[in-house]
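K.L.:
Contents of work34.txt (compact mmCIF, C-alpha atoms) are given next:
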```txt
# COMPACT_ATOMS: atom_id res chain seq x y z
CA GLU F 227 -12.17 19.66 -23.44
CA ASP F 228 -12.78 16.38 -25.29
CA HIS F 229 -12.30 14.26 -22.13
CA THR F 230 -8.97 12.86 -23.24
CA ILE F 231 -5.32 13.31 -22.30
CA GLN F 232 -3.26 14.79 -25.11
CA SER F 233 0.18 14.26 -23.59
CA LEU F 234 2.10 13.80 -20.34
CA THR F 235 4.85 16.21 -19.29
CA THR F 236 7.48 14.73 -16.98
CA ALA F 237 9.37 16.55 -14.25
CA ASP F 238 12.41 16.93 -16.50
CA GLY F 239 10.34 18.62 -19.20
CA ARG F 240 9.90 15.69 -21.59
CA THR F 241 6.54 15.29 -23.37
CA ILE F 242 5.15 11.80 -23.79
CA GLU F 243 2.25 11.04 -26.11
CA ALA F 244 0.35 7.75 -25.91
CA ASP F 245 -2.97 6.16 -26.82
CA TYR F 246 -3.73 5.38 -23.17
CA TYR F 247 -2.41 6.58 -19.83
CA VAL F 248 -2.57 4.27 -16.79
CA SER F 249 -2.11 5.49 -13.22
CA ALA F 250 -0.58 2.97 -10.81
CA MET F 251 0.17 5.49 -8.05
CA PRO F 252 -0.87 5.12 -4.39
CA VAL F 253 -4.08 6.99 -3.69
CA ASP F 254 -2.44 9.63 -1.48
CA VAL F 255 0.08 10.49 -4.19
CA LEU F 256 -2.57 10.48 -6.92
CA LYS F 257 -4.72 12.98 -5.01
CA ARG F 258 -1.85 15.48 -5.05
CA LEU F 259 -1.61 15.29 -8.84
CA ILE F 260 -5.25 15.49 -9.98
CA PRO F 261 -5.35 18.23 -12.66
CA LYS F 262 -7.41 21.29 -11.81
CA PRO F 263 -10.07 20.66 -14.54
CA TRP F 264 -10.62 17.13 -13.19
CA SER F 265 -10.90 18.17 -9.56
CA THR F 266 -14.61 19.01 -9.81
CA LEU F 267 -15.55 15.59 -11.20
CA PRO F 268 -17.19 13.35 -8.55
CA TYR F 269 -15.16 10.39 -9.79
CA PHE F 270 -11.93 12.06 -8.62
CA ARG F 271 -13.42 13.90 -5.65
CA GLN F 272 -14.45 10.59 -4.06
CA LEU F 273 -10.76 9.81 -3.58
CA ASP F 274 -10.87 12.24 -0.64
CA GLU F 275 -12.64 9.45 1.26
CA LEU F 276 -9.67 7.09 0.87
CA GLU F 277 -6.57 7.72 2.96
CA GLY F 278 -3.46 5.64 3.45
CA ILE F 279 -2.49 4.51 6.92
CA PRO F 280 1.02 4.09 8.33
CA VAL F 281 2.53 0.62 8.53
CA ILE F 282 5.94 -0.72 9.49
CA ASN F 283 7.67 -3.45 7.50
CA ILE F 284 10.12 -5.57 9.47
CA GLN F 285 12.70 -8.11 8.33
CA LEU F 286 14.24 -10.47 10.91
CA TRP F 287 17.12 -12.85 10.18
CA PHE F 288 17.53 -15.82 12.57
CA ASP F 289 20.42 -18.19 13.23
CA ARG F 290 18.33 -21.27 12.54
CA LYS F 291 15.37 -22.56 10.59
CA LEU F 292 11.91 -21.99 12.04
CA GLN F 293 8.90 -24.14 11.34
CA ALA F 294 7.09 -22.32 8.56
CA VAL F 295 4.72 -22.74 5.65
CA ASP F 296 5.22 -21.72 2.05
CA GLY F 297 2.99 -18.66 1.89
CA LEU F 298 1.74 -15.54 3.58
CA CYS F 299 0.24 -16.10 7.03
CA PHE F 300 -2.32 -13.95 8.80
CA SER F 301 -1.46 -13.44 12.43
CA ARG F 302 -3.63 -13.60 15.55
CA SER F 303 -1.32 -11.00 17.07
CA PRO F 304 -2.72 -7.50 17.71
CA LEU F 305 0.53 -6.00 16.40
CA LEU F 306 1.53 -8.21 13.48
CA SER F 307 -1.05 -8.40 10.70
CA VAL F 308 0.73 -10.75 8.27
CA TYR F 309 4.10 -12.44 8.02
CA ALA F 310 6.02 -14.91 5.88
CA ASP F 311 9.23 -16.90 6.16
CA MET F 312 11.02 -15.66 3.06
CA SER F 313 13.56 -18.49 3.27
CA VAL F 314 10.71 -20.83 2.34
CA CYS F 315 8.57 -18.82 -0.06
CA CYS F 316 11.05 -16.54 -1.86
CA GLU F 317 13.90 -17.82 -4.00
CA GLU F 318 16.02 -14.75 -3.28
CA TYR F 319 16.15 -15.64 0.44
CA ALA F 320 15.99 -19.44 0.11
CA SER F 321 17.87 -21.27 2.84
CA ASP F 322 17.78 -24.72 4.41
CA THR F 323 19.49 -23.57 7.60
CA ASN F 324 18.24 -20.05 8.44
CA SER F 325 14.91 -18.25 8.43
CA MET F 326 14.23 -14.68 7.40
CA LEU F 327 10.83 -13.47 8.52
CA GLU F 328 9.17 -10.51 6.82
CA LEU F 329 6.35 -9.01 8.83
CA VAL F 330 3.85 -6.19 8.58
CA PHE F 331 3.64 -4.38 11.92
CA ALA F 332 0.15 -2.83 11.95
CA PRO F 333 -1.77 -1.06 13.24
CA CYS F 334 1.08 1.17 14.31
CA SER F 335 -0.67 4.49 15.02
CA THR F 336 -3.38 5.41 17.50
CA ASP F 337 -5.60 6.65 14.65
CA ALA F 338 -5.52 3.15 13.18
CA GLY F 339 -6.23 1.45 16.50
CA ALA F 340 -2.80 0.88 18.05
CA ASP F 341 -2.21 1.50 21.75
CA ARG F 342 0.67 3.90 21.00
CA ASN F 343 2.38 5.67 18.13
CA TRP F 344 4.79 2.97 17.04
CA MET F 345 5.96 5.07 14.08
CA ALA F 346 7.77 7.29 16.60
CA ALA F 347 9.22 4.38 18.58
CA SER F 348 12.85 3.36 18.26
CA ASP F 349 13.83 0.46 16.02
CA GLU F 350 14.94 -1.41 19.15
CA ASP F 351 11.52 -1.06 20.78
CA ILE F 352 9.75 -2.16 17.60
CA VAL F 353 11.98 -5.22 17.16
CA GLN F 354 11.58 -6.17 20.83
CA ALA F 355 7.78 -5.88 20.62
CA THR F 356 7.88 -8.02 17.48
CA LEU F 357 9.95 -10.71 19.17
CA GLU F 358 7.54 -10.78 22.11
CA GLU F 359 4.66 -11.36 19.70
CA LEU F 360 6.63 -14.02 17.82
CA ALA F 361 7.30 -15.77 21.12
CA ARG F 362 3.53 -16.25 21.37
CA LEU F 363 3.28 -17.42 17.76
CA PHE F 364 6.33 -19.73 17.92
CA PRO F 365 6.47 -20.68 21.62
CA GLN F 366 8.75 -23.68 21.08
CA GLU F 367 11.25 -21.84 18.90
CA ILE F 368 11.41 -18.22 20.11
CA ILE F 369 11.57 -18.26 23.89
CA LEU F 370 11.93 -15.00 25.80
CA ASP F 371 13.21 -15.34 29.36
CA ASN F 372 11.31 -12.82 31.50
CA ASP F 373 13.74 -13.41 34.36
CA ASN F 374 16.74 -12.57 32.18
CA ASN F 375 15.77 -9.19 30.68
CA ASN F 376 13.73 -10.83 27.92
CA LYS F 377 16.77 -12.57 26.46
CA ASN F 378 15.89 -15.06 23.74
CA SER F 379 16.90 -18.60 24.68
CA GLY F 380 15.58 -20.04 21.42
CA ALA F 381 16.32 -18.92 17.89
CA GLN F 382 18.74 -15.98 17.96
CA LEU F 383 18.20 -12.79 16.01
CA VAL F 384 21.15 -12.14 13.70
CA LYS F 385 20.02 -8.98 11.90
CA SER F 386 16.94 -6.82 11.55
CA THR F 387 15.61 -3.92 9.48
CA VAL F 388 12.67 -1.64 10.26
CA VAL F 389 11.06 0.30 7.40
CA ARG F 390 8.38 2.88 8.21
CA VAL F 391 5.82 3.63 5.50
CA PRO F 392 3.83 6.75 6.51
CA ARG F 393 1.14 6.28 3.84
CA SER F 394 0.57 2.66 2.94
CA VAL F 395 -2.67 0.92 1.93
CA TYR F 396 -5.91 2.83 2.37
CA ALA F 397 -7.66 2.55 5.72
CA ALA F 398 -10.40 -0.06 5.27
CA THR F 399 -12.77 1.57 7.75
CA PRO F 400 -16.53 0.92 7.48
CA GLY F 401 -18.09 2.53 4.43
CA ARG F 402 -14.92 3.00 2.38
CA ASN F 403 -15.72 0.43 -0.30
CA LYS F 404 -18.37 2.58 -1.96
CA PHE F 405 -15.75 5.25 -2.67
CA ARG F 406 -13.30 2.97 -4.47
CA PRO F 407 -13.16 4.08 -8.12
CA SER F 408 -13.55 1.84 -11.13
CA GLN F 409 -10.59 1.20 -13.43
CA ALA F 410 -12.53 2.96 -16.18
CA THR F 411 -12.65 6.73 -15.66
CA PRO F 412 -14.56 9.70 -17.11
CA ILE F 413 -11.39 10.54 -19.04
CA ASP F 414 -11.60 8.32 -22.11
CA ASN F 415 -7.92 7.38 -22.40
CA PHE F 416 -7.05 7.49 -18.70
CA VAL F 417 -7.26 4.21 -16.73
CA MET F 418 -7.02 3.77 -12.97
CA ALA F 419 -4.99 0.97 -11.40
CA GLY F 420 -3.96 0.49 -7.78
CA ASP F 421 -5.02 -1.63 -4.83
CA PHE F 422 -7.49 1.07 -3.74
CA ALA F 423 -9.42 0.84 -7.04
CA SER F 424 -12.56 -1.26 -7.19
CA GLN F 425 -11.91 -5.02 -7.06
CA LYS F 426 -12.68 -7.89 -4.69
CA TYR F 427 -9.60 -7.55 -2.44
CA LEU F 428 -8.70 -4.94 0.13
CA GLY F 429 -5.53 -2.88 -0.19
CA SER F 430 -2.81 -5.48 -0.74
CA MET F 431 -0.34 -6.87 -3.28
CA GLU F 432 -3.08 -9.22 -4.46
CA GLY F 433 -5.44 -6.28 -4.88
CA ALA F 434 -2.82 -4.32 -6.81
CA VAL F 435 -2.21 -7.23 -9.19
CA LEU F 436 -5.94 -7.77 -9.80
CA SER F 437 -6.52 -4.06 -10.30
CA GLY F 438 -3.69 -4.01 -12.84
CA LYS F 439 -5.28 -6.88 -14.75
CA LEU F 440 -8.65 -5.10 -14.74
CA ALA F 441 -6.97 -1.91 -15.95
CA ALA F 442 -5.35 -3.84 -18.80
CA GLN F 443 -8.75 -5.28 -19.65
CA VAL F 444 -10.20 -1.77 -19.87
CA VAL F 445 -7.44 -0.75 -22.29
CA CYS F 446 -7.90 -3.85 -24.45
CA GLU F 447 -11.67 -3.71 -24.62
CA THR F 448 -11.78 0.06 -25.15
CA LYS F 449 -9.22 -0.32 -27.94
CA GLN F 450 -11.43 -2.91 -29.62
CA SER F 451 -14.63 -0.90 -29.12
CA PRO F 452 -13.62 2.77 -28.98
CA GLY F 453 -16.05 5.16 -27.37
CA PRO F 454 -16.67 7.05 -24.14
CA ALA F 455 -16.15 4.75 -21.18
CA ALA F 456 -19.36 5.91 -19.53
CA THR F 457 -21.45 4.75 -22.51
CA THR F 458 -19.60 1.59 -23.51
CA THR F 459 -21.66 -1.44 -22.53
CA THR F 460 -18.79 -3.85 -21.85
CA PRO F 461 -18.81 -4.32 -18.02
CA ALA F 462 -15.06 -3.86 -17.64
CA VAL F 463 -15.13 -0.38 -19.18
CA VAL F 464 -18.19 1.07 -17.47
CA VAL F 465 -17.43 3.84 -14.99
CA LYS F 466 -18.68 2.84 -11.56
CA PRO F 467 -21.39 5.24 -10.31
CA VAL F 468 -20.17 7.61 -7.63
CA HIS F 469 -21.98 7.51 -4.30
CA SER F 470 -24.67 10.17 -3.88
CA SER F 471 -22.86 11.73 -0.91
CA ILE F 472 -20.23 12.87 -3.43
CA ALA F 473 -22.14 12.97 -6.72
CA ASP F 474 -24.95 15.22 -5.44
CA LYS F 475 -22.61 18.02 -4.35
CA ASP F 476 -21.08 20.87 -6.29
CA HIS F 477 -17.30 20.82 -6.09
CA SER F 478 -15.01 23.79 -6.59
CA GLU F 479 -11.78 23.50 -8.50
CA ARG F 480 -8.56 22.65 -6.71
CA ILE F 481 -5.02 23.44 -7.71
CA PRO F 482 -2.92 20.26 -7.43
CA THR F 483 -0.34 20.50 -4.65
CA GLY F 484 2.07 18.18 -6.41
CA VAL F 485 4.63 15.82 -4.93
CA ARG F 486 7.35 17.43 -2.86
CA GLY F 487 10.78 15.83 -3.01
CA ASN F 488 12.27 13.04 -5.10
CA PHE F 489 12.75 10.43 -2.38
CA PRO F 490 10.65 7.26 -1.98
CA ILE F 491 8.43 8.52 0.87
CA ALA F 492 7.16 11.30 -1.40
CA PHE F 493 5.93 8.60 -3.77
CA GLY F 494 4.52 6.20 -1.17
CA GLY F 495 7.72 4.38 -0.24
CA GLY F 496 9.32 3.71 3.12
CA GLN F 497 12.12 4.92 5.34
CA GLN F 498 14.61 3.23 7.64
CA GLY F 499 15.37 5.06 10.87
CA ARG F 500 14.08 8.41 12.07
CA GLY F 501 15.07 12.05 11.79
CA SER F 502 17.78 13.62 9.64
CA GLY F 503 19.92 10.50 9.65
CA ALA F 504 17.21 8.27 8.23
CA LYS F 505 17.72 6.15 5.15
CA VAL F 506 14.95 5.95 2.58
CA SER F 507 13.97 2.76 0.82
CA HIS F 508 11.19 1.33 -1.25
CA PRO F 509 8.53 -0.69 0.62
```
Transcribe the structure of this file into structure tokens.
P.N.:
Amino acid sequence: EDHTIQSLTTADGRTIEADYYVSAMPVDVLKRLIPKPWSTLPYFRQLDELEGIPVINIQLWFDRKLQAVDGLCFSRSPLLSVYADMSVCCEEYASDTNSMLELVFAPCSTDAGADRNWMAASDEDIVQATLEELARLFPQEIILDNDNNNKNSGAQLVKSTVVRVPRSVYAATPGRNKFRPSQATPIDNFVMAGDFASQKYLGSMEGAVLSGKLAAQVVCETKQSPGPAATTTTPAVVVKPVHSSIADKDHSERIPTGVRGNFPIAFGGGQQGRGSGAKVSHP
């Protein structure tokens, strides 16, 4: 009633009390947990306009070192959006003799613009399609022989993993930016973080980090100058106006559906394999 959170009750029945509560959940998970009294507020109802898209994360280990740069590379491939040689840019996989490529295979559904539903494809088909794209990106190092059943006569694949993430970053379709919520919210001690929240990057690790910093700034500045976020004049703690297409409508209450299951996919994670024998893993 006073636009604050009094406490948080966890799934195991514990009650947690805090000065501030920060959400860092993916948007699709958050929407399932919006409390009924909040569901009529335009700030939260605008989240309906943001929806995560499926992506596939792929890791490929090779028997030799590929030419690579220290950083994340955007791809000109229609299937591979970004990739990085983790043996160069990540200490955990550092190697002078072998490369481990991590790639984002997207779009991977027809709704997102792919030519087929890659989420339903076998791991073998996904890895083969990835190698064919890499052969175009690294033509002197990954060489597929079309006359020999697409055997690779260059760098040899030693191991691979394919992780499907059904709901990843929000779909950055035209017009979505106006529905991205500010870190400050109409609930005075509730702060929104996440790559979908309003900041200069699209849905990404960089966007998540920046959103987290902005959320921390809201907490710090609100703590120094307590008061309703909507009336505080400090830019970081002003609630971003909701677009008229949402704000001008009357919204009925919704009962939160909640998160079903305790495995990573239920909370925005990923899964290796398909069907009942699949393994679940974090993205």
K.L.:
Rounded to one decimal place, report the CA of Ala381 (chain F)-CA of Cys299 (chain F) distance in Å.
P.N.:
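For CA of Ala381 (chain F) relative to CA of Cys299 (chain F), the distance reads 19.6 Å.
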K.L.:
Adding 3 Å on each side of the box along x, y and z that holds all listed atoms of region 329-348 of chain F, could you give its centre and edge lengths in Å to one decimal, as lines of an AutoDock Vina configuration file?
P.N.:
```
center_x = 3.3
center_y = -0.9
center_z = 15.2
size_x = 25.1
size_y = 22.3
size_z = 19.2
```
K.L.:
What's the separation between CA of Gln354 (chain F) and CA of Ser313 (chain F), in Å to one decimal place?
P.N.:
21.5 Å
K.L.:
Could you check how far CA of Ala250 (chain F) sits from CA of Glu432 (chain F), in Å to one decimal?
P.N.:
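Computed distance, CA of Ala250 (chain F) to CA of Glu432 (chain F), equals 14.0 Å.
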K.L.:
For Ser303 (chain F), which of F:Gln272, F:Ser386, F:Ser471, F:Thr356 is the closest residue, counting all atoms listed in the file?
P.N.:
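Residue with the minimum atom-to-atom distance to Ser303 (chain F): F:Thr356.
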K.L.:
Can you pull out the residues contacting Asn283 (chain F)? Cut-off 8 Å, using only C-alpha atoms, and skip same-chain residues under 5 positions away; I want them as a ChimeraX atom specification.
P.N.:
/F:328-331,388-391,509
K.L.:
List as a PyMOL selection string the protein and nucleic acid residues near Leu383 (chain F), meaning an atom at most 12 Å away when only C-alpha atoms are counted, but skip any in the same chain fewer than 6 places from it.
P.N.:
chain F and resi 285-292+324-327+353-354+356-357+360+367-370+377
K.L.:
Could you check which of F:Glu358, F:Asp296, F:Glu447, F:Asp254 is closest to Ala320 (chain F), using all atoms listed in the file?
P.N.:
F:Asp296
K.L.:
List every protein, DNA or RNA residue with an atom no more than 12 Å from (-3.4, -3.1, -15.7) in the file's coordinates, counting only C-alpha atoms, and format the result as a ChimeraX atom specification.
P.N.:
/F:246-250,409-410,416-421,423,433-446,462
K.L.:
For Asp228 (chain F), please output as a VMD selection string all residues within 9 Å (counting all atoms listed in the file; exclusion window: fewer than 2 positions along the same chain).
P.N.:
chain F and resid 230 to 231 413 to 414
K.L.:
Export, as a PDB file, in the coordinates of the input, the selected residues with C-alpha atoms.
P.N.:
```
ATOM      1  CA  THR F 230      -8.970  12.860 -23.240  1.00  0.00           C
ATOM      2  CA  ILE F 231      -5.320  13.310 -22.300  1.00  0.00           C
ATOM      3  CA  ILE F 413     -11.390  10.540 -19.040  1.00  0.00           C
ATOM      4  CA  ASP F 414     -11.600   8.320 -22.110  1.00  0.00           C
TER       5      ASP F 414
END
```
K.L.:
Of the residues F:Asn488, F:Gln498, F:Thr399, F:Gln293, which is the one nearest to Ala237 (chain F), using all atoms listed in the file?
P.N.:
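Looking at the shortest contact to Ala237 (chain F), the residue is F:Asn488.
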K.L.:
At a cut-off of 10 Å, using all atoms listed in the file, what residues contact Gly484 (chain F)? Leave out same-chain residues fewer than 6 positions from it and give the result as a short mmCIF file (atom, residue, chain, number, x, y, z; two decimals) with C-alpha atoms, in the coordinates of the input.
P.N.:
```
data_model
loop_
_atom_site.label_atom_id
_atom_site.label_comp_id
_atom_site.auth_asym_id
_atom_site.auth_seq_id
_atom_site.Cartn_x
_atom_site.Cartn_y
_atom_site.Cartn_z
CA VAL F 255 0.08 10.49 -4.19
CA LEU F 256 -2.57 10.48 -6.92
CA LYS F 257 -4.72 12.98 -5.01
CA ARG F 258 -1.85 15.48 -5.05
CA LEU F 259 -1.61 15.29 -8.84
CA ILE F 260 -5.25 15.49 -9.98
CA PRO F 261 -5.35 18.23 -12.66
CA ALA F 492 7.16 11.30 -1.40
#
```
K.L.:
Smallest atom-to-atom distance to Gly494 (chain F): which of F:Cys334, F:Val384, F:Val395, F:Leu273, using all atoms listed in the file?
P.N.:
F:Val395
K.L.:
Please determine, counting all atoms listed in the file, which residue among F:Pro490, F:Pro252, F:Pro268, F:Pro304 has the shortest atom-to-atom distance to Glu359 (chain F).
P.N.:
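Of F:Pro490, F:Pro252, F:Pro268, F:Pro304, the one nearest Glu359 (chain F), counting all atoms listed in the file, is F:Pro304.
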K.L.:
For Arg402 (chain F), which residue among F:Leu306, F:Val253, F:Val295, F:Leu276 is the nearest when counting only C-alpha atoms?
P.N.:
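Looking at the shortest contact to Arg402 (chain F), the residue is F:Leu276.
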